[in-house]
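S.K.: Data file start_2.cif (mmCIF, C-alpha atoms) is appended below.
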```cif
data_start
loop_
_atom_site.label_atom_id
_atom_site.label_comp_id
_atom_site.auth_asym_id
_atom_site.auth_seq_id
_atom_site.Cartn_x
_atom_site.Cartn_y
_atom_site.Cartn_z
CA MET A 211 -6.19 -83.86 -29.68
CA THR A 212 -5.19 -82.52 -33.12
CA GLN A 213 -8.02 -82.36 -35.64
CA PRO A 214 -7.57 -84.05 -39.06
CA GLY A 215 -7.94 -80.68 -40.80
CA ALA A 216 -5.24 -79.19 -38.60
CA GLU A 217 -2.92 -82.12 -39.33
CA ASN A 218 -3.39 -81.58 -43.06
CA ALA A 219 -2.66 -77.87 -42.64
CA ILE A 220 0.53 -78.68 -40.71
CA ASP A 221 1.63 -81.15 -43.40
CA VAL A 222 1.04 -78.56 -46.13
CA ALA A 223 2.97 -75.95 -44.15
CA ASN A 224 5.87 -78.37 -43.64
CA GLN A 225 5.96 -79.20 -47.34
CA ARG A 226 5.95 -75.51 -48.23
CA PHE A 227 8.76 -74.87 -45.76
CA LYS A 228 10.86 -77.71 -47.21
CA LEU A 229 10.24 -76.43 -50.74
CA ARG A 230 11.23 -72.89 -49.71
CA VAL A 231 14.43 -74.14 -48.08
CA TRP A 232 15.24 -76.31 -51.12
CA ILE A 233 14.83 -73.35 -53.47
CA THR A 234 16.73 -70.83 -51.32
CA THR A 235 19.72 -73.15 -50.90
CA ARG A 236 20.13 -73.97 -54.62
CA LEU A 237 21.33 -71.11 -56.76
CA TRP A 238 20.81 -72.97 -60.02
CA VAL A 239 17.08 -73.33 -59.22
CA GLN A 240 16.86 -69.60 -58.57
CA VAL A 241 18.66 -68.80 -61.82
CA ILE A 242 16.38 -71.04 -63.87
CA ALA A 243 13.34 -69.54 -62.13
CA GLY A 244 14.64 -66.04 -62.82
CA MET A 245 15.18 -66.90 -66.47
CA ALA A 246 11.64 -68.26 -66.81
CA ALA A 247 10.09 -65.28 -65.01
CA GLY A 248 12.12 -62.81 -67.05
CA PHE A 249 11.15 -64.56 -70.25
CA ALA A 250 7.45 -64.35 -69.32
CA LEU A 251 7.70 -60.67 -68.36
CA GLY A 252 9.60 -59.92 -71.55
CA LEU A 253 6.83 -61.46 -73.62
CA LEU A 254 4.31 -59.23 -71.83
CA LEU A 255 6.42 -56.15 -72.48
CA SER A 256 7.26 -57.05 -76.08
CA GLU A 257 5.82 -55.18 -79.00
CA GLY A 258 3.99 -58.29 -80.16
CA ALA A 259 1.90 -58.40 -76.97
CA GLY A 260 0.75 -54.81 -77.46
CA LEU A 261 0.24 -54.23 -73.72
CA VAL A 262 2.90 -51.53 -73.24
CA ALA A 263 4.14 -48.75 -75.48
CA PRO A 264 7.56 -49.55 -77.00
CA GLU A 265 9.17 -46.48 -75.40
CA THR A 266 7.88 -47.46 -71.96
CA ALA A 267 8.95 -51.07 -72.44
CA ALA A 268 12.47 -49.95 -73.39
CA LEU A 269 12.73 -47.77 -70.28
CA VAL A 270 11.49 -50.56 -68.02
CA GLY A 271 13.94 -52.92 -69.65
CA LEU A 272 16.86 -50.62 -68.85
CA TRP A 273 16.00 -50.61 -65.14
CA LEU A 274 15.34 -54.34 -65.09
CA ALA A 275 18.78 -54.94 -66.60
CA LEU A 276 20.59 -52.91 -63.91
CA PRO A 277 21.26 -55.93 -61.59
CA GLY A 278 22.71 -57.77 -64.56
CA GLN A 279 25.06 -54.91 -65.37
CA ILE A 280 26.23 -54.80 -61.75
CA PHE A 281 26.69 -58.58 -61.73
CA LEU A 282 28.90 -58.56 -64.82
CA ALA A 283 30.92 -55.61 -63.49
CA LEU A 284 31.59 -57.35 -60.16
CA ILE A 285 32.80 -60.52 -61.87
CA ALA A 286 35.01 -58.63 -64.33
CA MET A 287 36.48 -56.56 -61.48
CA VAL A 288 38.07 -59.57 -59.74
CA LEU A 289 38.84 -61.68 -62.80
CA VAL A 290 42.56 -60.82 -63.08
CA PRO A 291 43.49 -61.33 -59.39
CA LEU A 292 41.35 -64.47 -59.27
CA ILE A 293 43.07 -66.14 -62.22
CA PHE A 294 46.58 -64.98 -61.27
CA SER A 295 46.40 -66.15 -57.66
CA SER A 296 44.71 -69.42 -58.65
CA ILE A 297 47.43 -70.39 -61.14
CA VAL A 298 50.29 -69.47 -58.81
CA GLY A 299 48.68 -71.34 -55.93
CA GLY A 300 47.91 -74.38 -58.11
CA LEU A 301 51.50 -74.68 -59.32
CA ASN A 302 52.80 -74.26 -55.79
CA GLY A 303 50.45 -76.97 -54.51
CA ALA A 304 51.53 -79.36 -57.24
CA GLY A 305 54.69 -80.21 -55.34
CA SER A 306 58.35 -80.13 -56.35
CA GLY A 307 61.37 -82.33 -56.83
CA ALA A 308 61.23 -85.72 -58.56
CA ASP A 309 57.43 -85.99 -58.73
CA LEU A 310 57.02 -82.56 -60.31
CA ARG A 311 59.77 -83.24 -62.85
CA ALA A 312 58.43 -86.70 -63.75
CA VAL A 313 54.76 -85.80 -63.99
CA GLY A 314 54.82 -82.10 -64.81
CA LEU A 315 55.67 -82.23 -68.50
CA ARG A 316 53.35 -85.17 -69.17
CA LEU A 317 50.48 -83.50 -67.36
CA ALA A 318 51.13 -80.22 -69.17
CA ALA A 319 51.06 -82.03 -72.50
CA PHE A 320 47.81 -83.80 -71.58
CA ILE A 321 46.15 -80.55 -70.51
CA LEU A 322 47.31 -78.65 -73.58
CA LEU A 323 46.34 -81.36 -76.06
CA THR A 324 42.91 -82.09 -74.58
CA THR A 325 42.07 -78.42 -74.11
CA CYS A 326 43.03 -77.57 -77.69
CA ALA A 327 41.11 -80.60 -78.98
CA ALA A 328 38.05 -79.60 -76.94
CA ALA A 329 38.16 -76.04 -78.29
CA ALA A 330 38.50 -77.40 -81.82
CA VAL A 331 35.44 -79.61 -81.31
CA GLY A 332 33.50 -76.62 -80.00
CA VAL A 333 34.51 -74.48 -82.98
CA ALA A 334 33.63 -77.26 -85.45
CA LEU A 335 30.19 -77.85 -83.92
CA ALA A 336 29.39 -74.13 -83.69
CA GLN A 337 30.48 -73.53 -87.28
CA TRP A 338 28.57 -76.55 -88.51
CA LEU A 339 25.30 -76.18 -86.58
CA GLN A 340 25.28 -72.34 -86.40
CA PRO A 341 23.28 -72.06 -83.13
CA GLY A 342 23.15 -68.24 -83.28
CA ALA A 343 22.19 -67.89 -86.93
CA ALA A 344 18.44 -67.97 -86.20
CA LEU A 345 18.76 -64.81 -84.11
CA ALA A 346 21.44 -63.07 -86.19
CA GLY A 347 21.30 -59.32 -85.75
CA THR A 348 18.37 -59.27 -83.29
CA ALA A 349 20.22 -58.97 -79.98
CA ALA A 350 23.42 -57.16 -80.74
CA ALA A 351 24.56 -53.72 -81.81
CA PRO A 352 26.75 -53.17 -84.86
CA ALA A 353 30.25 -54.48 -84.38
CA ARG A 354 33.54 -52.85 -85.10
CA GLN A 355 34.25 -52.65 -88.79
CA ALA A 356 37.52 -54.57 -88.42
CA VAL A 357 35.68 -57.61 -87.15
CA ALA A 358 32.55 -57.25 -89.24
CA SER A 359 34.56 -57.22 -92.43
CA GLY A 360 35.81 -60.73 -91.69
CA GLN A 361 38.63 -60.43 -94.22
CA PRO A 362 41.07 -63.31 -93.74
CA ALA A 363 44.72 -62.48 -93.53
CA GLU A 364 47.01 -63.52 -96.34
CA PRO A 365 48.97 -66.71 -95.52
CA ALA A 366 52.34 -65.03 -96.14
CA ALA A 367 51.43 -62.09 -93.96
CA GLY A 368 50.31 -64.50 -91.23
CA LEU A 369 53.63 -66.35 -91.35
CA ARG A 370 55.58 -63.08 -91.16
CA ALA A 371 53.52 -62.00 -88.17
CA LEU A 372 53.89 -65.33 -86.34
CA PRO A 373 57.27 -64.59 -84.66
CA ASP A 374 55.95 -61.27 -83.35
CA LEU A 375 52.80 -63.02 -82.16
CA ILE A 376 54.79 -65.64 -80.23
CA ALA A 377 57.11 -63.01 -78.74
CA GLY A 378 54.06 -60.95 -77.85
CA LEU A 379 52.82 -63.70 -75.56
CA LEU A 380 55.35 -62.51 -72.98
CA PRO A 381 53.94 -59.53 -71.08
CA THR A 382 56.72 -56.92 -71.38
CA ASN A 383 54.67 -54.58 -69.21
CA PRO A 384 52.86 -56.76 -66.66
CA THR A 385 51.23 -53.79 -64.95
CA ALA A 386 49.71 -52.59 -68.21
CA SER A 387 48.52 -56.10 -69.04
CA ILE A 388 46.78 -56.38 -65.68
CA VAL A 389 45.22 -52.93 -65.96
CA GLN A 390 44.01 -53.60 -69.51
CA GLY A 391 42.66 -57.03 -68.60
CA ASP A 392 44.80 -58.83 -71.19
CA MET A 393 43.85 -62.37 -70.19
CA LEU A 394 46.47 -64.18 -72.26
CA ALA A 395 49.26 -62.02 -70.85
CA VAL A 396 47.98 -62.52 -67.32
CA VAL A 397 47.91 -66.30 -67.77
CA VAL A 398 51.46 -66.38 -69.16
CA LEU A 399 52.71 -64.14 -66.36
CA ALA A 400 51.03 -66.30 -63.72
CA LEU A 401 52.55 -69.47 -65.19
CA LEU A 402 56.04 -67.97 -65.21
CA VAL A 403 55.68 -66.66 -61.65
CA GLY A 404 54.16 -69.94 -60.42
CA ILE A 405 56.95 -72.04 -61.90
CA SER A 406 59.59 -69.65 -60.56
CA VAL A 407 58.07 -69.86 -57.07
CA THR A 408 58.66 -73.61 -57.01
CA GLN A 409 62.38 -73.01 -57.66
CA VAL A 410 62.91 -70.53 -54.81
CA ASP A 411 63.55 -71.34 -51.17
CA ARG A 412 60.22 -71.93 -49.43
CA ALA A 413 60.99 -69.63 -46.53
CA ARG A 414 61.69 -66.71 -48.86
CA VAL A 415 58.47 -67.09 -50.90
CA ALA A 416 56.22 -67.90 -47.93
CA PRO A 417 54.96 -64.29 -47.55
CA PHE A 418 54.22 -64.08 -51.29
CA LEU A 419 52.31 -67.38 -51.23
CA ALA A 420 50.34 -66.20 -48.20
CA LEU A 421 49.46 -63.05 -50.15
CA MET A 422 48.32 -65.13 -53.14
CA ASP A 423 46.19 -67.33 -50.88
CA ALA A 424 44.60 -64.28 -49.28
CA LEU A 425 44.02 -62.67 -52.69
CA LEU A 426 42.36 -65.83 -53.99
CA SER A 427 40.10 -66.07 -50.92
CA ILE A 428 39.11 -62.41 -51.17
CA SER A 429 38.42 -62.64 -54.91
CA MET A 430 36.32 -65.78 -54.53
CA ASN A 431 34.37 -64.14 -51.74
CA ILE A 432 33.53 -61.19 -54.01
CA VAL A 433 32.44 -63.64 -56.71
CA LYS A 434 30.24 -65.33 -54.11
CA TRP A 435 28.61 -61.98 -53.37
CA ALA A 436 28.10 -61.38 -57.07
CA MET A 437 26.40 -64.76 -57.45
CA PHE A 438 23.67 -63.61 -55.05
CA LEU A 439 22.67 -61.20 -57.82
CA ALA A 440 22.62 -63.93 -60.47
CA PRO A 441 18.87 -64.72 -60.29
CA PHE A 442 17.97 -61.02 -60.45
CA ALA A 443 20.55 -60.46 -63.18
CA VAL A 444 19.11 -63.26 -65.29
CA PHE A 445 15.56 -62.07 -64.63
CA GLY A 446 16.22 -58.48 -65.67
CA LEU A 447 18.51 -59.15 -68.62
CA MET A 448 16.24 -61.86 -69.98
CA ALA A 449 13.20 -59.60 -69.66
CA GLN A 450 15.04 -56.81 -71.48
CA LEU A 451 16.15 -59.12 -74.29
CA VAL A 452 12.79 -60.83 -74.81
CA THR A 453 11.13 -57.42 -74.84
CA ARG A 454 13.07 -56.79 -78.04
CA VAL A 455 13.25 -60.21 -79.71
CA GLY A 456 10.14 -62.08 -78.50
CA LEU A 457 9.67 -65.81 -78.96
CA GLU A 458 12.68 -66.10 -81.27
CA THR A 459 14.84 -66.25 -78.15
CA VAL A 460 13.57 -69.78 -77.48
CA ILE A 461 15.16 -70.96 -80.72
CA GLY A 462 18.45 -69.35 -79.81
CA ILE A 463 18.55 -70.88 -76.33
CA SER A 464 17.63 -74.40 -77.42
CA GLY A 465 20.11 -74.43 -80.27
CA TYR A 466 22.94 -73.06 -78.15
CA VAL A 467 22.35 -75.46 -75.24
CA GLY A 468 22.05 -78.41 -77.60
CA VAL A 469 25.38 -77.67 -79.30
CA VAL A 470 27.21 -77.29 -75.97
CA LEU A 471 25.75 -80.49 -74.52
CA LEU A 472 26.56 -82.42 -77.71
CA GLY A 473 30.17 -81.25 -77.55
CA LEU A 474 30.51 -82.12 -73.86
CA ALA A 475 29.08 -85.58 -74.48
CA LEU A 476 31.59 -86.19 -77.27
CA LEU A 477 34.43 -84.99 -75.05
CA LEU A 478 33.38 -87.29 -72.20
CA LEU A 479 33.25 -90.26 -74.58
CA ALA A 480 36.71 -89.34 -75.87
CA TYR A 481 38.08 -89.26 -72.30
CA MET A 482 36.74 -92.73 -71.58
CA LEU A 483 38.12 -94.03 -74.88
CA VAL A 484 41.57 -92.66 -73.99
CA ALA A 485 41.39 -94.34 -70.56
CA LEU A 486 40.46 -97.63 -72.23
CA VAL A 487 43.15 -97.57 -74.92
CA PHE A 488 46.10 -96.18 -72.95
CA ALA A 489 45.35 -97.27 -69.36
CA GLY A 490 43.17 -100.35 -69.72
CA VAL A 491 40.29 -98.82 -67.73
CA GLY A 492 36.99 -99.61 -69.46
CA PRO A 493 34.04 -97.17 -69.55
CA LEU A 494 31.89 -99.37 -67.26
CA GLN A 495 34.69 -99.69 -64.70
CA PHE A 496 35.41 -95.98 -64.89
CA LEU A 497 31.77 -94.99 -64.40
CA GLU A 498 31.27 -97.56 -61.63
CA VAL A 499 34.17 -96.17 -59.61
CA ALA A 500 33.81 -92.50 -60.53
CA GLY A 501 30.03 -92.25 -60.85
CA GLY A 502 29.43 -90.84 -57.38
CA ASN A 503 32.29 -88.38 -57.80
CA LEU A 504 30.86 -87.13 -61.10
CA LEU A 505 27.38 -86.75 -59.63
CA LEU A 506 28.84 -84.72 -56.77
CA ALA A 507 30.70 -82.56 -59.28
CA PHE A 508 27.42 -82.01 -61.14
CA SER A 509 25.60 -80.90 -58.00
CA THR A 510 28.36 -78.62 -56.68
CA SER A 511 29.46 -77.26 -60.09
CA SER A 512 33.01 -76.89 -58.77
CA SER A 513 36.09 -78.99 -59.51
CA SER A 514 37.83 -77.55 -56.47
CA ALA A 515 34.96 -78.37 -54.11
CA VAL A 516 35.09 -82.08 -54.97
CA MET A 517 38.90 -82.29 -55.08
CA PRO A 518 39.23 -84.48 -51.95
CA VAL A 519 36.66 -86.92 -53.33
CA THR A 520 38.41 -86.90 -56.71
CA ILE A 521 41.71 -87.84 -55.03
CA GLN A 522 40.01 -90.77 -53.28
CA THR A 523 38.41 -91.85 -56.57
CA ALA A 524 41.79 -91.72 -58.30
CA ARG A 525 43.22 -94.00 -55.60
CA ARG A 526 40.37 -96.48 -56.16
CA LEU A 527 41.35 -96.49 -59.83
CA GLY A 528 44.83 -97.67 -58.86
CA VAL A 529 46.59 -94.30 -58.86
CA PRO A 530 49.35 -94.06 -56.20
CA ASP A 531 49.15 -91.29 -53.62
CA SER A 532 52.21 -89.52 -55.00
CA VAL A 533 50.51 -89.10 -58.39
CA ALA A 534 46.95 -88.50 -57.15
CA ASN A 535 48.06 -85.78 -54.73
CA LEU A 536 49.98 -84.08 -57.53
CA VAL A 537 47.73 -84.45 -60.59
CA VAL A 538 44.28 -83.86 -59.10
CA PRO A 539 44.94 -80.49 -57.36
CA LEU A 540 46.70 -79.12 -60.43
CA GLY A 541 44.06 -80.55 -62.72
CA ALA A 542 41.26 -78.98 -60.68
CA THR A 543 42.89 -75.62 -61.33
CA MET A 544 44.16 -75.93 -64.89
CA ASN A 545 42.54 -78.93 -66.63
CA MET A 546 39.45 -77.21 -68.06
CA ALA A 547 38.82 -78.83 -71.43
CA GLY A 548 35.05 -78.79 -70.87
CA THR A 549 35.21 -75.06 -70.18
CA ALA A 550 37.28 -74.49 -73.32
CA LEU A 551 34.69 -76.29 -75.45
CA TYR A 552 31.86 -74.34 -73.85
CA GLN A 553 33.61 -71.00 -74.39
CA ALA A 554 34.47 -71.79 -78.01
CA VAL A 555 30.81 -72.46 -78.75
CA ALA A 556 29.71 -69.41 -76.76
CA ILE A 557 32.04 -66.91 -78.45
CA LEU A 558 31.01 -68.09 -81.93
CA PHE A 559 27.37 -68.04 -80.83
CA LEU A 560 27.78 -64.37 -79.85
CA ALA A 561 29.42 -63.59 -83.20
CA GLN A 562 26.63 -65.36 -85.10
CA LEU A 563 24.07 -63.56 -82.97
CA ALA A 564 25.57 -60.24 -84.08
CA GLY A 565 25.73 -61.32 -87.70
CA ILE A 566 29.56 -61.36 -87.72
CA ALA A 567 31.47 -63.82 -89.87
CA LEU A 568 34.88 -64.31 -88.26
CA SER A 569 37.74 -65.19 -90.56
CA PRO A 570 39.75 -68.39 -89.96
CA ALA A 571 42.63 -66.30 -88.63
CA GLN A 572 40.32 -64.52 -86.19
CA ILE A 573 38.85 -67.85 -85.03
CA VAL A 574 42.36 -69.18 -84.36
CA VAL A 575 43.26 -66.08 -82.32
CA VAL A 576 40.02 -66.18 -80.33
CA SER A 577 40.31 -69.94 -79.74
CA GLY A 578 43.92 -69.61 -78.59
CA THR A 579 42.98 -66.88 -76.13
CA LEU A 580 40.08 -68.94 -74.79
CA VAL A 581 42.27 -72.04 -74.43
CA ALA A 582 44.84 -70.11 -72.41
CA SER A 583 42.13 -68.46 -70.31
CA SER A 584 40.39 -71.80 -69.71
CA ILE A 585 43.62 -73.38 -68.48
CA GLY A 586 43.98 -70.56 -65.99
CA ALA A 587 40.36 -70.18 -64.99
CA PRO A 588 39.45 -71.27 -61.45
CA GLY A 589 36.43 -73.52 -61.02
CA THR A 590 34.22 -70.70 -59.74
CA PRO A 591 30.70 -70.00 -61.06
CA GLY A 592 30.59 -66.79 -63.09
CA VAL A 593 34.26 -66.68 -64.11
CA SER A 594 33.62 -68.12 -67.59
CA ILE A 595 31.09 -65.36 -68.23
CA ALA A 596 33.65 -62.70 -67.38
CA ILE A 597 36.24 -64.33 -69.64
CA LEU A 598 33.77 -64.35 -72.51
CA VAL A 599 32.95 -60.68 -71.93
CA SER A 600 36.65 -59.79 -71.95
CA VAL A 601 37.51 -61.80 -75.07
CA ALA A 602 34.39 -60.73 -76.98
CA GLY A 603 35.03 -57.09 -76.12
CA GLY A 604 38.63 -57.35 -77.27
CA MET A 605 37.48 -58.71 -80.65
CA GLY A 606 34.72 -56.16 -81.07
CA ILE A 607 31.96 -58.76 -80.72
CA PRO A 608 28.85 -57.24 -79.09
CA VAL A 609 27.98 -58.80 -75.72
CA GLU A 610 24.29 -57.85 -75.56
CA GLY A 611 23.43 -61.48 -76.31
CA MET A 612 25.36 -62.56 -73.21
CA VAL A 613 22.04 -62.76 -71.36
CA ILE A 614 21.13 -65.89 -73.33
CA ILE A 615 24.40 -67.47 -72.25
CA LEU A 616 24.01 -66.23 -68.68
CA GLY A 617 20.48 -67.58 -68.41
CA VAL A 618 21.57 -71.17 -69.01
CA ASP A 619 25.13 -70.87 -67.70
CA ARG A 620 24.42 -72.62 -64.41
CA LEU A 621 23.04 -75.73 -66.10
CA LEU A 622 25.92 -75.86 -68.58
CA ASP A 623 28.41 -75.14 -65.79
CA MET A 624 27.20 -78.23 -63.94
CA CYS A 625 27.62 -80.33 -67.08
CA ARG A 626 31.07 -79.04 -68.00
CA THR A 627 32.27 -79.53 -64.41
CA VAL A 628 31.47 -83.25 -64.79
CA VAL A 629 33.64 -83.36 -67.92
CA ASN A 630 36.46 -81.41 -66.23
CA VAL A 631 36.52 -83.78 -63.24
CA ALA A 632 36.43 -86.79 -65.56
CA GLY A 633 39.43 -85.29 -67.33
CA ASP A 634 41.31 -84.98 -64.03
CA LEU A 635 40.67 -88.66 -63.27
CA VAL A 636 41.72 -89.79 -66.75
CA ALA A 637 44.94 -87.75 -66.45
CA ALA A 638 45.68 -89.36 -63.08
CA VAL A 639 45.04 -92.84 -64.48
CA LEU A 640 47.30 -92.23 -67.47
CA LEU A 641 50.12 -91.03 -65.20
CA ARG A 642 49.72 -93.62 -62.46
CA ASP A 643 52.77 -95.63 -63.58
CA VAL A 644 55.13 -92.67 -63.97
CA THR A 645 56.46 -92.56 -60.40
CA ALA A 646 55.25 -95.85 -58.93
CA PRO A 647 54.46 -99.42 -59.98
CA LYS A 648 50.96 -100.06 -61.18
CA GLU A 649 48.44 -100.74 -58.43
CA THR A 650 45.45 -102.99 -58.76
CA PRO A 651 42.22 -100.93 -58.91
CA VAL A 652 40.04 -101.28 -55.85
CA PRO A 653 36.56 -102.48 -56.84
#
```
Taking this structure as input, can you express it in the form of structure tokens?
M.R.:
Amino acid sequence: MTQPGAENAIDVANQRFKLRVWITTRLWVQVIAGMAAGFALGLLLSEGAGLVAPETAALVGLWLALPGQIFLALIAMVLVPLIFSSIVGGLNGAGSGADLRAVGLRLAAFILLTTCAAAAVGVALAQWLQPGAALAGTAAAPARQAVASGQPAEPAAGLRALPDLIAGLLPTNPTASIVQGDMLAVVVLALLVGISVTQVDRARVAPFLALMDALLSISMNIVKWAMFLAPFAVFGLMAQLVTRVGLETVIGISGYVGVVLLGLALLLLAYMLVALVFAGVGPLQFLEVAGGNLLLAFSTSSSSAVMPVTIQTARRLGVPDSVANLVVPLGATMNMAGTALYQAVAILFLAQLAGIALSPAQIVVVSGTLVASSIGAPGTPGVSIAILVSVAGGMGIPVEGMVIILGVDRLLDMCRTVVNVAGDLVAAVLLRDVTAPKETPVP
């Protein structure tokens, strides 16, 4: 007969086992734990604590940051093939013929307008609330003089340069654009190739599409490997940063997270308002039907992972199959307004962190690049970080403060995925009458 003490010991062991399984199967828990542990270790190593000599603390910080450097390098390595293959595959999966012609332009307009509006909201909030100003100059090296000067271009000069800028969107040397990691050129090239693929005989492009599918699978698998390093990357990079900046980092994190969440909340409210005004779907009805779908999107942090559920939710909102099967897969790949808002706040946060005042012209260029990259970014954890590194590096904005963004990226990724999926559903509802008569929503 089992003794009461033994039963208690077994219960405790079972609870510990369940807790261990819960932690090891949830990456976001590991990342948050790594951030907290790194923050605590950084405080111990900081000059204010006085426990370790500054030279020793700096050396330890370099080694602690090594997993983070490897993590960022792995993500950046597969960014171009990941985005290119995802866009081509998404356009190919969107269908062809009458449905693509009827819905394509309207969906493209919706994606472009909402993504630009989301980026504008992010820029406005970041410029207004200045989340990185409290830490300005503490976590970044001096920037390039061209960016640090922040001299705005003359209006006339900007107008004269506009035709060249528009023509420059077309990658005249695709190989060079891919090698240099020019994200805007890669996105434009992928869109042109993806649209062209839909106009060519399916039998002739089948090998190319199979190659794109294989390239996407391989790239996502490498990203999956990189994400195993995420907790260690956050731990080491956070420890290195806090070693230098101390408790001030808390202010930077809270301000940055608050601005992003405020922007995402405003964007979600705007989506529901659009659904109410233009499709007659009220916020309560929308949340009642789509609530489970949005919660699943929050937990998985992937628009692609919940795509089948999103299609079913769209059907319950009265969207015909022909529209749901077309809009939702393409939206899961290209409708990333929440990501655009997040990246707009993040890039300005990095600039403020480095003490850089970007000119209006520079903000427009950066925002345009981020909008294009967001539209082409697959819903894979870690990709947004790599895009930010690429864009910030191209503008001469130091990326040492990326650890603050990386430390809370998982939480914000879960939140922006909810907004992205909500955007897919709103797009489907708005387009439900384009190719078929209106259907009565299923309660």
S.K.: Please measure the separation of atom CA of A:Asp411 and atom CA of A:Gly541, giving the value in Å to one decimal.
M.R.: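 Computed distance, atom CA of A:Asp411 to atom CA of A:Gly541, equals 24.5 Å.
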S.K.: Could you give me, as a list in words, the residues that sit within 10 Å of (19.9, -62.4, -59.6) in the file's coordinates, counting all atoms listed in the file?
M.R.: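 Protein, DNA and RNA residues close to (19.9, -62.4, -59.6): Leu237, Gln240, Val241, Gly244, Met245, Pro277, Gly278, Phe281, Ala436, Met437, Phe438, Leu439, Ala440, Pro441, Phe442, Ala443, Val444, Phe445, Gly446 and Leu447 of chain A.
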S.K.: From the list A:Gln340, A:Thr324, A:Ser295, A:Ser427, which residue is nearest A:Ser464 when using only C-alpha atoms?
M.R.: A:Gln340
S.K.: Enumerate, as a tab-separated table (two decimals) with C-alpha atoms, in the coordinates of the input, the residues matched when the PyMOL selection byres ((chain A and resi 630) around 7) is run on the file above.
M.R.:
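So out-v2.tsv came out as:
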```
chain	number	residue	atom	x	y	z
A	545	ASN	CA	42.54	-78.93	-66.63
A	546	MET	CA	39.45	-77.21	-68.06
A	547	ALA	CA	38.82	-78.83	-71.43
A	548	GLY	CA	35.05	-78.79	-70.87
A	626	ARG	CA	31.07	-79.04	-68.00
A	627	THR	CA	32.27	-79.53	-64.41
A	628	VAL	CA	31.47	-83.25	-64.79
A	629	VAL	CA	33.64	-83.36	-67.92
A	631	VAL	CA	36.52	-83.78	-63.24
A	632	ALA	CA	36.43	-86.79	-65.56
A	633	GLY	CA	39.43	-85.29	-67.33
A	634	ASP	CA	41.31	-84.98	-64.03
```
S.K.: Using the chain letters and numbers from this file, what does the PyMOL selection byres ((chain A and resi 483) around 12) select? Give the answer as a PyMOL selection string.
M.R.: chain A and resi 476-482+484-494+496+632-633+636+640
S.K.: Enter the distance from atom CA of A:Gly465 to atom CA of A:Pro341, in Å, rounded to one decimal.
M.R.: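 These two atoms are separated by 4.9 Å.
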S.K.: Run the PyMOL selection byres ((chain A and resi 317) around 9) on the file and write out the hits as a PyMOL selection string.
M.R.: chain A and resi 313-316+318-322+537+541+637-638+641
S.K.: So that I can see what lies close to stretch 326-338 of chain A, please list as a PyMOL selection string the residues with an atom at most 10 Å from it, counting all atoms listed in the file and leaving out residues fewer than 3 positions away in the same chain.
M.R.: chain A and resi 320-323+341-342+465-466+469-470+472-474+476-477+480+546-559+562+573-574+577-578+580-582+584
S.K.: Using C-alpha atoms, can you export the residues from the last selection as an mmCIF file, keeping the file's coordinate frame?
M.R.:
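Full text of part.cif as output:
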```cif
data_model
loop_
_atom_site.group_PDB
_atom_site.id
_atom_site.type_symbol
_atom_site.label_atom_id
_atom_site.label_comp_id
_atom_site.auth_asym_id
_atom_site.auth_seq_id
_atom_site.Cartn_x
_atom_site.Cartn_y
_atom_site.Cartn_z
ATOM 1 C CA PHE A 320 47.810 -83.800 -71.580
ATOM 2 C CA ILE A 321 46.150 -80.550 -70.510
ATOM 3 C CA LEU A 322 47.310 -78.650 -73.580
ATOM 4 C CA LEU A 323 46.340 -81.360 -76.060
ATOM 5 C CA PRO A 341 23.280 -72.060 -83.130
ATOM 6 C CA GLY A 342 23.150 -68.240 -83.280
ATOM 7 C CA GLY A 465 20.110 -74.430 -80.270
ATOM 8 C CA TYR A 466 22.940 -73.060 -78.150
ATOM 9 C CA VAL A 469 25.380 -77.670 -79.300
ATOM 10 C CA VAL A 470 27.210 -77.290 -75.970
ATOM 11 C CA LEU A 472 26.560 -82.420 -77.710
ATOM 12 C CA GLY A 473 30.170 -81.250 -77.550
ATOM 13 C CA LEU A 474 30.510 -82.120 -73.860
ATOM 14 C CA LEU A 476 31.590 -86.190 -77.270
ATOM 15 C CA LEU A 477 34.430 -84.990 -75.050
ATOM 16 C CA ALA A 480 36.710 -89.340 -75.870
ATOM 17 C CA MET A 546 39.450 -77.210 -68.060
ATOM 18 C CA ALA A 547 38.820 -78.830 -71.430
ATOM 19 C CA GLY A 548 35.050 -78.790 -70.870
ATOM 20 C CA THR A 549 35.210 -75.060 -70.180
ATOM 21 C CA ALA A 550 37.280 -74.490 -73.320
ATOM 22 C CA LEU A 551 34.690 -76.290 -75.450
ATOM 23 C CA TYR A 552 31.860 -74.340 -73.850
ATOM 24 C CA GLN A 553 33.610 -71.000 -74.390
ATOM 25 C CA ALA A 554 34.470 -71.790 -78.010
ATOM 26 C CA VAL A 555 30.810 -72.460 -78.750
ATOM 27 C CA ALA A 556 29.710 -69.410 -76.760
ATOM 28 C CA ILE A 557 32.040 -66.910 -78.450
ATOM 29 C CA LEU A 558 31.010 -68.090 -81.930
ATOM 30 C CA PHE A 559 27.370 -68.040 -80.830
ATOM 31 C CA GLN A 562 26.630 -65.360 -85.100
ATOM 32 C CA ILE A 573 38.850 -67.850 -85.030
ATOM 33 C CA VAL A 574 42.360 -69.180 -84.360
ATOM 34 C CA SER A 577 40.310 -69.940 -79.740
ATOM 35 C CA GLY A 578 43.920 -69.610 -78.590
ATOM 36 C CA LEU A 580 40.080 -68.940 -74.790
ATOM 37 C CA VAL A 581 42.270 -72.040 -74.430
ATOM 38 C CA ALA A 582 44.840 -70.110 -72.410
ATOM 39 C CA SER A 584 40.390 -71.800 -69.710
#
```
